[in-house]
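To be precise, the following lines are my_file-v2.cif, and they hold mmCIF, C-alpha atoms.
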```
data_my_file
loop_
_atom_site.label_atom_id
_atom_site.label_comp_id
_atom_site.auth_asym_id
_atom_site.auth_seq_id
_atom_site.Cartn_x
_atom_site.Cartn_y
_atom_site.Cartn_z
CA ILE A 19 4.82 -12.96 -5.77
CA GLN A 20 2.66 -11.58 -8.57
CA GLN A 21 2.83 -14.87 -10.47
CA ILE A 22 1.77 -16.90 -7.42
CA ALA A 23 -1.07 -14.48 -6.69
CA HIS A 24 -2.23 -14.79 -10.28
CA GLU A 25 -2.10 -18.60 -10.14
CA TYR A 26 -4.36 -18.57 -7.05
CA GLY A 27 -6.66 -15.87 -8.38
CA LEU A 28 -5.56 -13.34 -5.77
CA ASP A 29 -4.98 -9.63 -6.10
CA CYS A 30 -1.43 -8.40 -5.62
CA ILE A 31 -0.58 -4.76 -4.99
CA ASP A 32 2.85 -3.69 -6.19
CA LEU A 33 3.53 -1.06 -3.53
CA TYR A 34 6.71 0.16 -5.17
CA LYS A 35 4.67 1.09 -8.23
CA TYR A 36 2.68 3.54 -6.09
CA LEU A 37 5.28 4.80 -3.62
CA PRO A 38 6.33 8.35 -4.55
CA PHE A 39 9.41 8.22 -2.32
CA THR A 40 12.73 6.37 -2.13
CA PRO A 41 14.56 4.77 0.83
CA ASP A 42 16.57 7.98 1.10
CA ASP A 43 13.43 9.89 2.09
CA THR A 44 13.67 10.08 5.89
CA VAL A 45 10.09 11.31 6.22
CA TYR A 46 8.77 7.93 5.09
CA TYR A 47 11.69 5.54 5.74
CA SER A 48 13.43 4.96 9.05
CA ASP A 49 17.19 5.38 9.43
CA ASP A 50 17.83 1.76 8.40
CA LYS A 51 16.25 2.48 4.96
CA VAL A 52 14.31 -0.79 5.21
CA HIS A 53 11.45 -0.05 7.56
CA PHE A 54 8.98 2.77 7.26
CA THR A 55 8.20 5.59 9.65
CA GLY A 56 4.67 6.15 10.93
CA LYS A 57 3.98 8.40 7.94
CA GLY A 58 5.35 5.75 5.60
CA TYR A 59 3.11 3.05 7.03
CA TYR A 60 0.18 5.44 6.87
CA TYR A 61 0.89 6.04 3.18
CA ILE A 62 1.03 2.29 2.53
CA ALA A 63 -2.29 1.83 4.33
CA TYR A 64 -3.75 4.58 2.15
CA ILE A 65 -2.56 2.79 -1.02
CA VAL A 66 -4.10 -0.50 0.14
CA TYR A 67 -7.33 1.24 1.17
CA ASN A 68 -7.69 2.94 -2.20
CA TYR A 69 -7.00 -0.30 -4.02
CA LEU A 70 -9.67 -2.12 -2.02
CA VAL A 71 -12.25 0.62 -2.44
CA ASN A 72 -11.63 0.82 -6.19
CA HIS A 73 -11.48 -2.94 -6.87
CA MET A 74 -14.05 -4.45 -4.53
CA THR A 75 -17.77 -4.06 -4.06
CA ALA A 76 -19.22 -2.53 -0.90
CA SER A 77 -20.46 -5.94 0.26
CA GLN A 78 -16.96 -7.40 -0.09
CA ILE A 79 -15.43 -4.71 2.13
CA GLY A 80 -18.33 -4.43 4.55
CA GLY A 81 -20.12 -1.25 3.57
CA SER A 82 -18.79 2.18 2.76
CA PRO A 83 -15.64 2.74 4.81
CA THR A 84 -13.97 6.09 5.23
CA PHE A 85 -10.32 6.85 5.71
CA ASP A 86 -9.94 9.49 8.38
CA TYR A 87 -6.52 10.93 9.15
#
```

Let me see the structure of the file written as structure tokens.
Amino acid sequence: IQQIAHEYGLDCIDLYKYLPFTPDDTVYYSDDKVHFTGKGYYYIAYIVYNYLVNHMTASQIGGSPTFDY
């Protein structure tokens, strides 16, 4: 995926690089250890949000967004 993104000049976020939890963590992963819980999806959204804010200009992301819990 990273190679294809690079070939097309796209950013690629390696979520597993930033996830501080494993599939055994039932707070963030559901019982099937594949899908996330609400808190897990929230954490992923937070990772993506931070990446966008730190790698894009305000005009690219439409102003100065905030991330309210």

Work out how far apart CA of Tyr46 in chain A and CA of Asn72 in chain A are and give it in Å to one decimal. 24.4 Å

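Residues surrounding Ile62 in chain A within 10 Å are Leu33, Tyr34, Tyr36, Leu37, Tyr46, Phe54, Gly56, Lys57, Gly58, Val66, Tyr67 and Asn68 of chain A [only C-alpha atoms; sequence separation below 4 positions excluded].
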
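From CA of Met74 in chain A back to CA of Asp29 in chain A, the distance works out to 10.6 Å.
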
Could you name the residues that touch Ile31 in chain A at 10 Å or less, counting only C-alpha atoms, but leaving out those on the same chain fewer than 5 positions away, as an MDAnalysis selection string? chainID A and resid 19:20 23 36 65:66 69:70
